[in-house]
file model-v6.cif (mmCIF, C-alpha atoms and all ligand atoms)
data_protein
#
loop_
_atom_site.label_atom_id
_atom_site.label_comp_id
_atom_site.auth_asym_id
_atom_site.auth_seq_id
_atom_site.Cartn_x
_atom_site.Cartn_y
_atom_site.Cartn_z
CA MET A 1 80.52 93.25 87.08
CA LYS A 2 82.61 94.83 89.79
CA ARG A 3 84.91 92.36 91.53
CA ILE A 4 86.47 94.66 94.11
CA SER A 5 84.78 96.11 97.17
CA ASP A 6 83.76 99.76 97.28
CA GLN A 7 86.39 100.35 99.94
CA MET A 8 89.09 98.70 97.85
CA GLU A 9 88.02 100.65 94.80
CA GLU A 10 88.41 103.87 96.78
CA MET A 11 91.79 102.86 98.19
CA LEU A 12 93.11 101.92 94.75
CA ASN A 13 91.90 105.21 93.31
CA LYS A 14 93.62 107.08 96.12
CA GLN A 15 96.79 105.12 95.51
CA MET A 16 96.63 105.95 91.83
CA THR A 17 96.59 109.65 92.73
CA ARG A 18 99.41 109.10 95.22
CA GLU A 19 101.59 107.56 92.49
CA ALA A 20 100.82 110.59 90.32
CA TYR A 21 101.92 112.77 93.22
CA GLN A 22 105.14 110.76 93.56
CA ALA A 23 105.78 111.45 89.87
CA GLN A 24 105.30 115.19 90.50
CA VAL A 25 107.82 115.06 93.37
CA TYR A 26 110.45 113.46 91.09
CA LEU A 27 109.59 115.90 88.31
CA SER A 28 109.96 118.92 90.56
CA TYR A 29 113.17 117.69 92.20
CA GLY A 30 114.54 116.77 88.78
CA ALA A 31 113.95 120.29 87.53
CA TRP A 32 115.57 121.67 90.69
CA ALA A 33 118.64 119.44 90.23
CA GLU A 34 118.93 120.41 86.58
CA SER A 35 118.72 124.11 87.44
CA HIS A 36 121.69 123.54 89.77
CA SER A 37 123.65 121.80 87.00
CA PHE A 38 123.36 118.33 88.52
CA GLN A 39 122.44 116.85 85.18
CA GLY A 40 123.09 113.25 86.21
CA ILE A 41 120.90 113.48 89.27
CA ALA A 42 118.23 115.21 87.20
CA THR A 43 118.32 112.37 84.66
CA PHE A 44 117.96 109.85 87.47
CA LEU A 45 115.00 111.76 88.96
CA TYR A 46 113.26 112.23 85.62
CA GLY A 47 113.69 108.52 84.95
CA HIS A 48 112.03 107.81 88.22
CA MET A 49 109.19 110.16 87.44
CA GLN A 50 108.45 107.89 84.50
CA GLU A 51 108.41 104.85 86.80
CA GLU A 52 105.85 106.49 89.06
CA ARG A 53 103.64 107.31 86.11
CA GLU A 54 103.78 103.68 85.10
CA HIS A 55 102.72 102.69 88.62
CA MET A 56 99.79 105.09 88.36
CA PHE A 57 98.77 103.58 85.04
CA LYS A 58 99.18 100.03 86.31
CA ILE A 59 96.67 100.76 89.08
CA LEU A 60 94.30 102.44 86.65
CA LYS A 61 94.35 99.33 84.46
CA TYR A 62 93.82 97.07 87.40
CA ILE A 63 90.76 99.00 88.65
CA LEU A 64 89.25 98.76 85.16
CA ASP A 65 90.15 95.07 84.83
CA ARG A 66 88.22 94.37 88.03
CA GLY A 67 85.19 96.25 86.80
CA GLY A 68 85.79 99.25 89.06
CA GLU A 69 85.45 102.90 88.30
CA VAL A 70 88.53 105.07 87.84
CA LYS A 71 88.42 108.49 89.43
CA VAL A 72 91.14 110.85 88.30
CA GLU A 73 91.47 113.35 91.09
CA ALA A 74 93.50 116.48 91.79
CA ILE A 75 97.18 115.97 92.53
CA LYS A 76 98.57 118.06 95.34
CA ALA A 77 101.46 120.38 94.64
CA ALA A 78 105.02 119.06 94.78
CA PRO A 79 106.98 120.03 97.92
CA VAL A 80 109.18 123.12 98.02
CA HIS A 81 112.68 122.78 96.62
CA PRO A 82 115.22 121.04 98.82
CA LYS A 83 118.20 123.02 100.09
CA ASP A 84 120.78 120.60 98.76
CA ILE A 85 121.23 117.17 97.21
CA GLY A 86 121.35 115.50 100.62
CA GLU A 87 117.95 116.89 101.56
CA CYS A 88 116.61 116.05 98.12
CA LEU A 89 117.60 112.38 98.46
CA ASN A 90 116.42 112.08 102.06
CA ASN A 91 113.05 113.60 101.20
CA ILE A 92 112.67 111.15 98.36
CA LEU A 93 113.39 108.24 100.65
CA ASP A 94 110.78 109.56 103.12
CA HIS A 95 108.23 109.78 100.33
CA GLU A 96 108.98 106.22 99.25
CA ILE A 97 108.71 104.87 102.80
CA GLN A 98 105.40 106.69 103.23
CA ASN A 99 104.19 105.23 99.96
CA SER A 100 105.23 101.72 101.05
CA LYS A 101 103.01 102.10 104.12
CA GLU A 102 100.05 102.98 101.91
CA ILE A 103 100.70 99.92 99.74
CA ASP A 104 100.78 97.82 102.90
CA LYS A 105 97.30 99.11 103.80
CA ILE A 106 95.96 97.94 100.45
CA VAL A 107 97.52 94.51 100.89
CA LYS A 108 96.16 94.33 104.45
CA LEU A 109 92.63 95.19 103.32
CA ALA A 110 92.87 92.65 100.48
CA HIS A 111 93.84 90.02 103.03
CA GLU A 112 90.97 90.94 105.33
CA GLU A 113 88.51 90.77 102.45
CA SER A 114 90.02 87.54 101.07
CA ASP A 115 90.41 89.48 97.83
CA TRP A 116 93.26 87.35 96.56
CA ALA A 117 93.36 89.02 93.15
CA THR A 118 94.17 92.39 94.71
CA PHE A 119 96.39 90.71 97.28
CA ASN A 120 98.39 89.26 94.40
CA PHE A 121 98.37 92.57 92.52
CA GLY A 122 99.56 94.34 95.66
CA GLN A 123 102.54 92.00 95.97
CA TRP A 124 104.03 93.50 92.83
CA PHE A 125 104.00 96.89 94.52
CA VAL A 126 105.40 95.52 97.77
CA LYS A 127 108.37 94.19 95.80
CA GLU A 128 108.69 97.40 93.83
CA GLN A 129 108.79 99.44 97.03
CA ILE A 130 111.53 97.20 98.49
CA GLU A 131 113.54 97.84 95.33
CA GLU A 132 112.97 101.58 95.36
CA GLU A 133 113.85 101.99 99.01
CA THR A 134 117.02 99.93 98.44
CA LEU A 135 117.91 101.96 95.39
CA ILE A 136 117.47 105.37 97.05
CA ASN A 137 119.24 104.15 100.20
CA GLY A 138 122.18 103.15 98.02
CA VAL A 139 122.29 106.58 96.41
CA ILE A 140 122.20 108.22 99.86
CA ASP A 141 125.13 106.04 100.95
CA LYS A 142 127.08 107.17 97.90
CA TYR A 143 126.16 110.77 98.58
CA ASN A 144 127.30 110.51 102.20
CA LEU A 145 130.59 109.01 101.07
CA ALA A 146 131.07 111.74 98.49
CA SER A 147 130.06 114.63 100.75
CA ASN A 148 132.22 113.48 103.67
CA GLN A 149 135.24 114.47 101.70
CA ILE A 150 133.84 117.54 100.02
CA LYS A 151 136.57 120.03 99.44
CA ASP A 152 136.31 121.00 95.84
CA ASN A 153 132.99 119.37 94.91
CA HIS A 154 134.94 116.81 92.94
CA ASN A 155 133.27 113.84 94.57
CA LEU A 156 129.85 115.35 94.07
CA TYR A 157 130.71 115.83 90.44
CA ASP A 158 131.60 112.14 90.18
CA LEU A 159 128.39 111.14 91.94
CA ASP A 160 126.40 113.21 89.50
CA LYS A 161 128.09 111.53 86.53
CA ASP A 162 127.48 108.18 88.13
CA LEU A 163 123.77 108.74 88.56
CA ALA A 164 123.24 109.65 84.95
CA THR A 165 123.63 105.98 84.10
CA ALA A 166 122.32 104.47 87.35
CA PRO A 167 119.65 101.80 86.91
CA GLN A 168 116.11 102.67 87.97
CA GLU A 169 115.75 99.29 89.65
CA ALA A 170 117.71 97.88 92.54
CA THR A 171 118.35 94.16 92.65
CA THR A 172 116.95 92.67 95.79
CA PRO A 173 118.89 89.80 97.38
CA ARG A 174 116.37 87.12 96.44
CA GLU A 175 116.69 88.01 92.77
CA GLU A 176 120.41 87.75 92.66
CA THR A 177 121.70 84.68 90.98
CA ILE A 178 124.31 82.69 92.79
FE FE A 201 105.45 104.13 92.82
FE FE A 202 108.44 105.08 94.05
#
call {"tool": "encode", "arguments": {"input": "model-v6.cif", "output": "structure tokens"}}
result
Amino acid sequence: MKRISDQMEEMLNKQMTREAYQAQVYLSYGAWAESHSFQGIATFLYGHMQEEREHMFKILKYILDRGGEVKVEAIKAAPVHPKDIGECLNNILDHEIQNSKEIDKIVKLAHEESDWATFNFGQWFVKEQIEEETLINGVIDKYNLASNQIKDNHNLYDLDKDLATAPQEATTPREETI
């Protein structure tokens, strides 16, 4: 028996496709970074592509768990290549912020419908989006620091090396142990 509303089922399916799109954005930007010899940044972006695919799959599982129907739909094309690393990172942050707003809509609908199961499920994504925005913001800060003093690309080179081993998760303040 289906235990989510038709509207919720549709929203979750749309979100599933959106997460797949997010993965395509990271994949495309990763390939772009690699083609410009920013191997560390590429590794970071590919790693994140994997995260987005997991999000997509998590939603798929949830729809099925609630007796809903999964609809795998077309994924729109990834955006055109950025002009530089700064634009690449800023675009990614924009995409994440946009995605957070879509997650908020799901949580809002769940609240309106008193669908506490989906409300609870949505909380995981709310937290995930806080982490991702924090993570990308941090990388942008590092990039700004590095590019302020660009003379011989040395700082950018260091940033690239740094990102190769950067975690895919940011620690949010409430998780930090005192
Ligand atoms: Fe995601
Ligand atoms: Fe994301």
call {"tool": "residues_around", "arguments": {"input": "model-v6.cif", "residues": "stretch 107-122 of chain A", "least_positions_apart": "4", "cutoff": "8 Å", "atoms": "all atoms listed in the file", "output": "list in words"}}
result
Ile4, Met8, Ile103 and Val126 of chain A
call {"tool": "atom_distance", "arguments": {"input": "model-v6.cif", "atom1": "atom CA of A:Ser5", "atom2": "atom CA of A:Thr17"}}
result
18.5 Å
call {"tool": "closest_residue", "arguments": {"input": "model-v6.cif", "among": "A:Gln129, A:Ser28, A:Asn144, A:Ser37", "to": "ligand FE 201 (chain A)", "atoms": "all atoms listed in the file"}}
result
A:Gln129
call {"tool": "closest_atom_pairs", "arguments": {"input": "model-v6.cif", "of": "chain A", "to": "ligand FE 201 (chain A)", "cutoff": "6 Å", "atoms": "all atoms listed in the file", "output": "Markdown table"}}
result
| residue | atom | partner | partner_atom | distance |
| --- | --- | --- | --- | --- |
| A:Glu19 | CA | A:FE201 | FE | 5.2 |
| A:Glu52 | CA | A:FE201 | FE | 4.5 |
| A:His55 | CA | A:FE201 | FE | 5.2 |
call {"tool": "residues_near_ligand", "arguments": {"input": "model-v6.cif", "ligand": "ligand FE 202 (chain A)", "cutoff": "9 Å", "atoms": "only C-alpha atoms and all ligand atoms", "output": "PDB file with C-alpha atoms, in the frame of the given file"}}
result
ATOM      1  CA  GLU A  19     101.590 107.560  92.490  1.00  0.00           C
ATOM      2  CA  GLN A  22     105.140 110.760  93.560  1.00  0.00           C
ATOM      3  CA  ALA A  23     105.780 111.450  89.870  1.00  0.00           C
ATOM      4  CA  HIS A  48     112.030 107.810  88.220  1.00  0.00           C
ATOM      5  CA  MET A  49     109.190 110.160  87.440  1.00  0.00           C
ATOM      6  CA  GLU A  51     108.410 104.850  86.800  1.00  0.00           C
ATOM      7  CA  GLU A  52     105.850 106.490  89.060  1.00  0.00           C
ATOM      8  CA  HIS A  55     102.720 102.690  88.620  1.00  0.00           C
ATOM      9  CA  ILE A  92     112.670 111.150  98.360  1.00  0.00           C
ATOM     10  CA  LEU A  93     113.390 108.240 100.650  1.00  0.00           C
ATOM     11  CA  HIS A  95     108.230 109.780 100.330  1.00  0.00           C
ATOM     12  CA  GLU A  96     108.980 106.220  99.250  1.00  0.00           C
ATOM     13  CA  ILE A  97     108.710 104.870 102.800  1.00  0.00           C
ATOM     14  CA  ASN A  99     104.190 105.230  99.960  1.00  0.00           C
ATOM     15  CA  SER A 100     105.230 101.720 101.050  1.00  0.00           C
ATOM     16  CA  GLU A 128     108.690  97.400  93.830  1.00  0.00           C
ATOM     17  CA  GLN A 129     108.790  99.440  97.030  1.00  0.00           C
ATOM     18  CA  GLU A 131     113.540  97.840  95.330  1.00  0.00           C
ATOM     19  CA  GLU A 132     112.970 101.580  95.360  1.00  0.00           C
ATOM     20  CA  GLU A 133     113.850 101.990  99.010  1.00  0.00           C
TER      21      GLU A 133
END
call {"tool": "residues_around", "arguments": {"input": "model-v6.cif", "residues": "A:Ala74", "least_positions_apart": "4", "cutoff": "12 Å", "atoms": "only C-alpha atoms", "output": "list in words"}}
result
Asn13, Lys14, Met16, Thr17, Arg18, Ala20, Tyr21 and Gln24 of chain A
call {"tool": "closest_residue", "arguments": {"input": "model-v6.cif", "among": "A:Ile59, A:Ala42, A:Leu12, A:Met1", "to": "A:Lys161", "atoms": "all atoms listed in the file"}}
result
A:Ala42
call {"tool": "closest_residue", "arguments": {"input": "model-v6.cif", "among": "A:Asn91, A:Lys105, A:Glu54, A:Asn155", "to": "A:Asn137", "atoms": "only C-alpha atoms"}}
result
A:Asn91
call {"tool": "closest_residue", "arguments": {"input": "model-v6.cif", "among": "A:Val70, A:Leu27, A:Asp104, A:His36", "to": "A:Ile130", "atoms": "all atoms listed in the file"}}
result
A:Asp104
call {"tool": "atom_distance", "arguments": {"input": "model-v6.cif", "atom1": "atom CA of A:Ile136", "atom2": "atom CA of A:Trp32"}}
result
17.6 Å
call {"tool": "residues_near_point", "arguments": {"input": "model-v6.cif", "point": "(120.1, 105.9, 89.5)", "cutoff": "9 Å", "atoms": "only C-alpha atoms", "output": "number ranges by chain"}}
result
A: 40-41, 43-45, 47-48, 135-136, 139, 162-170
call {"tool": "closest_residue", "arguments": {"input": "model-v6.cif", "among": "A:Val80, A:Glu34, A:Gly86, A:Ile106", "to": "A:Asp141", "atoms": "all atoms listed in the file"}}
result
A:Gly86
call {"tool": "closest_residue", "arguments": {"input": "model-v6.cif", "among": "A:Glu87, A:Asp94, A:Glu102, A:Glu10", "to": "A:Lys71", "atoms": "only C-alpha atoms"}}
result
A:Glu10
call {"tool": "atom_distance", "arguments": {"input": "model-v6.cif", "atom1": "atom CA of A:Leu89", "atom2": "atom CA of A:Gly138"}}
result
10.3 Å
call {"tool": "decode", "arguments": {"input": "model-v6.cif", "residues": "stretch 5-17 of chain A", "atoms": "N, CA and C atoms", "output": "PDB file, in the first residue's frame"}}
result
ATOM      1  N   SER A   5       1.599  10.644  -0.318  1.00  0.00           N
ATOM      2  CA  SER A   5       0.583  11.236  -1.195  1.00  0.00           C
ATOM      3  C   SER A   5       1.080  11.251  -2.636  1.00  0.00           C
ATOM      4  N   ASP A   6       0.153  11.397  -3.560  1.00  0.00           N
ATOM      5  CA  ASP A   6       0.537  11.481  -4.975  1.00  0.00           C
ATOM      6  C   ASP A   6       1.483  12.655  -5.204  1.00  0.00           C
ATOM      7  N   GLN A   7       1.160  13.770  -4.544  1.00  0.00           N
ATOM      8  CA  GLN A   7       1.987  14.965  -4.713  1.00  0.00           C
ATOM      9  C   GLN A   7       3.400  14.735  -4.174  1.00  0.00           C
ATOM     10  N   MET A   8       3.466  14.074  -3.026  1.00  0.00           N
ATOM     11  CA  MET A   8       4.781  13.787  -2.435  1.00  0.00           C
ATOM     12  C   MET A   8       5.561  12.810  -3.316  1.00  0.00           C
ATOM     13  N   GLU A   9       4.869  11.837  -3.821  1.00  0.00           N
ATOM     14  CA  GLU A   9       5.502  10.861  -4.716  1.00  0.00           C
ATOM     15  C   GLU A   9       6.122  11.578  -5.918  1.00  0.00           C
ATOM     16  N   GLU A  10       5.381  12.524  -6.458  1.00  0.00           N
ATOM     17  CA  GLU A  10       5.883  13.274  -7.617  1.00  0.00           C
ATOM     18  C   GLU A  10       7.084  14.149  -7.235  1.00  0.00           C
ATOM     19  N   MET A  11       6.966  14.797  -6.081  1.00  0.00           N
ATOM     20  CA  MET A  11       8.080  15.663  -5.648  1.00  0.00           C
ATOM     21  C   MET A  11       9.349  14.857  -5.391  1.00  0.00           C
ATOM     22  N   LEU A  12       9.178  13.689  -4.784  1.00  0.00           N
ATOM     23  CA  LEU A  12      10.355  12.845  -4.496  1.00  0.00           C
ATOM     24  C   LEU A  12      10.977  12.333  -5.796  1.00  0.00           C
ATOM     25  N   ASN A  13      10.125  11.980  -6.735  1.00  0.00           N
ATOM     26  CA  ASN A  13      10.652  11.536  -8.037  1.00  0.00           C
ATOM     27  C   ASN A  13      11.419  12.660  -8.731  1.00  0.00           C
ATOM     28  N   LYS A  14      10.882  13.855  -8.641  1.00  0.00           N
ATOM     29  CA  LYS A  14      11.556  15.009  -9.254  1.00  0.00           C
ATOM     30  C   LYS A  14      12.902  15.266  -8.556  1.00  0.00           C
ATOM     31  N   GLN A  15      12.887  15.110  -7.244  1.00  0.00           N
ATOM     32  CA  GLN A  15      14.126  15.326  -6.493  1.00  0.00           C
ATOM     33  C   GLN A  15      15.176  14.276  -6.841  1.00  0.00           C
ATOM     34  N   MET A  16      14.711  13.069  -7.062  1.00  0.00           N
ATOM     35  CA  MET A  16      15.610  11.992  -7.460  1.00  0.00           C
ATOM     36  C   MET A  16      16.324  12.377  -8.765  1.00  0.00           C
ATOM     37  N   THR A  17      15.567  12.900  -9.705  1.00  0.00           N
ATOM     38  CA  THR A  17      16.150  13.321 -10.986  1.00  0.00           C
ATOM     39  C   THR A  17      17.079  14.515 -10.791  1.00  0.00           C
TER      40      THR A  17
END
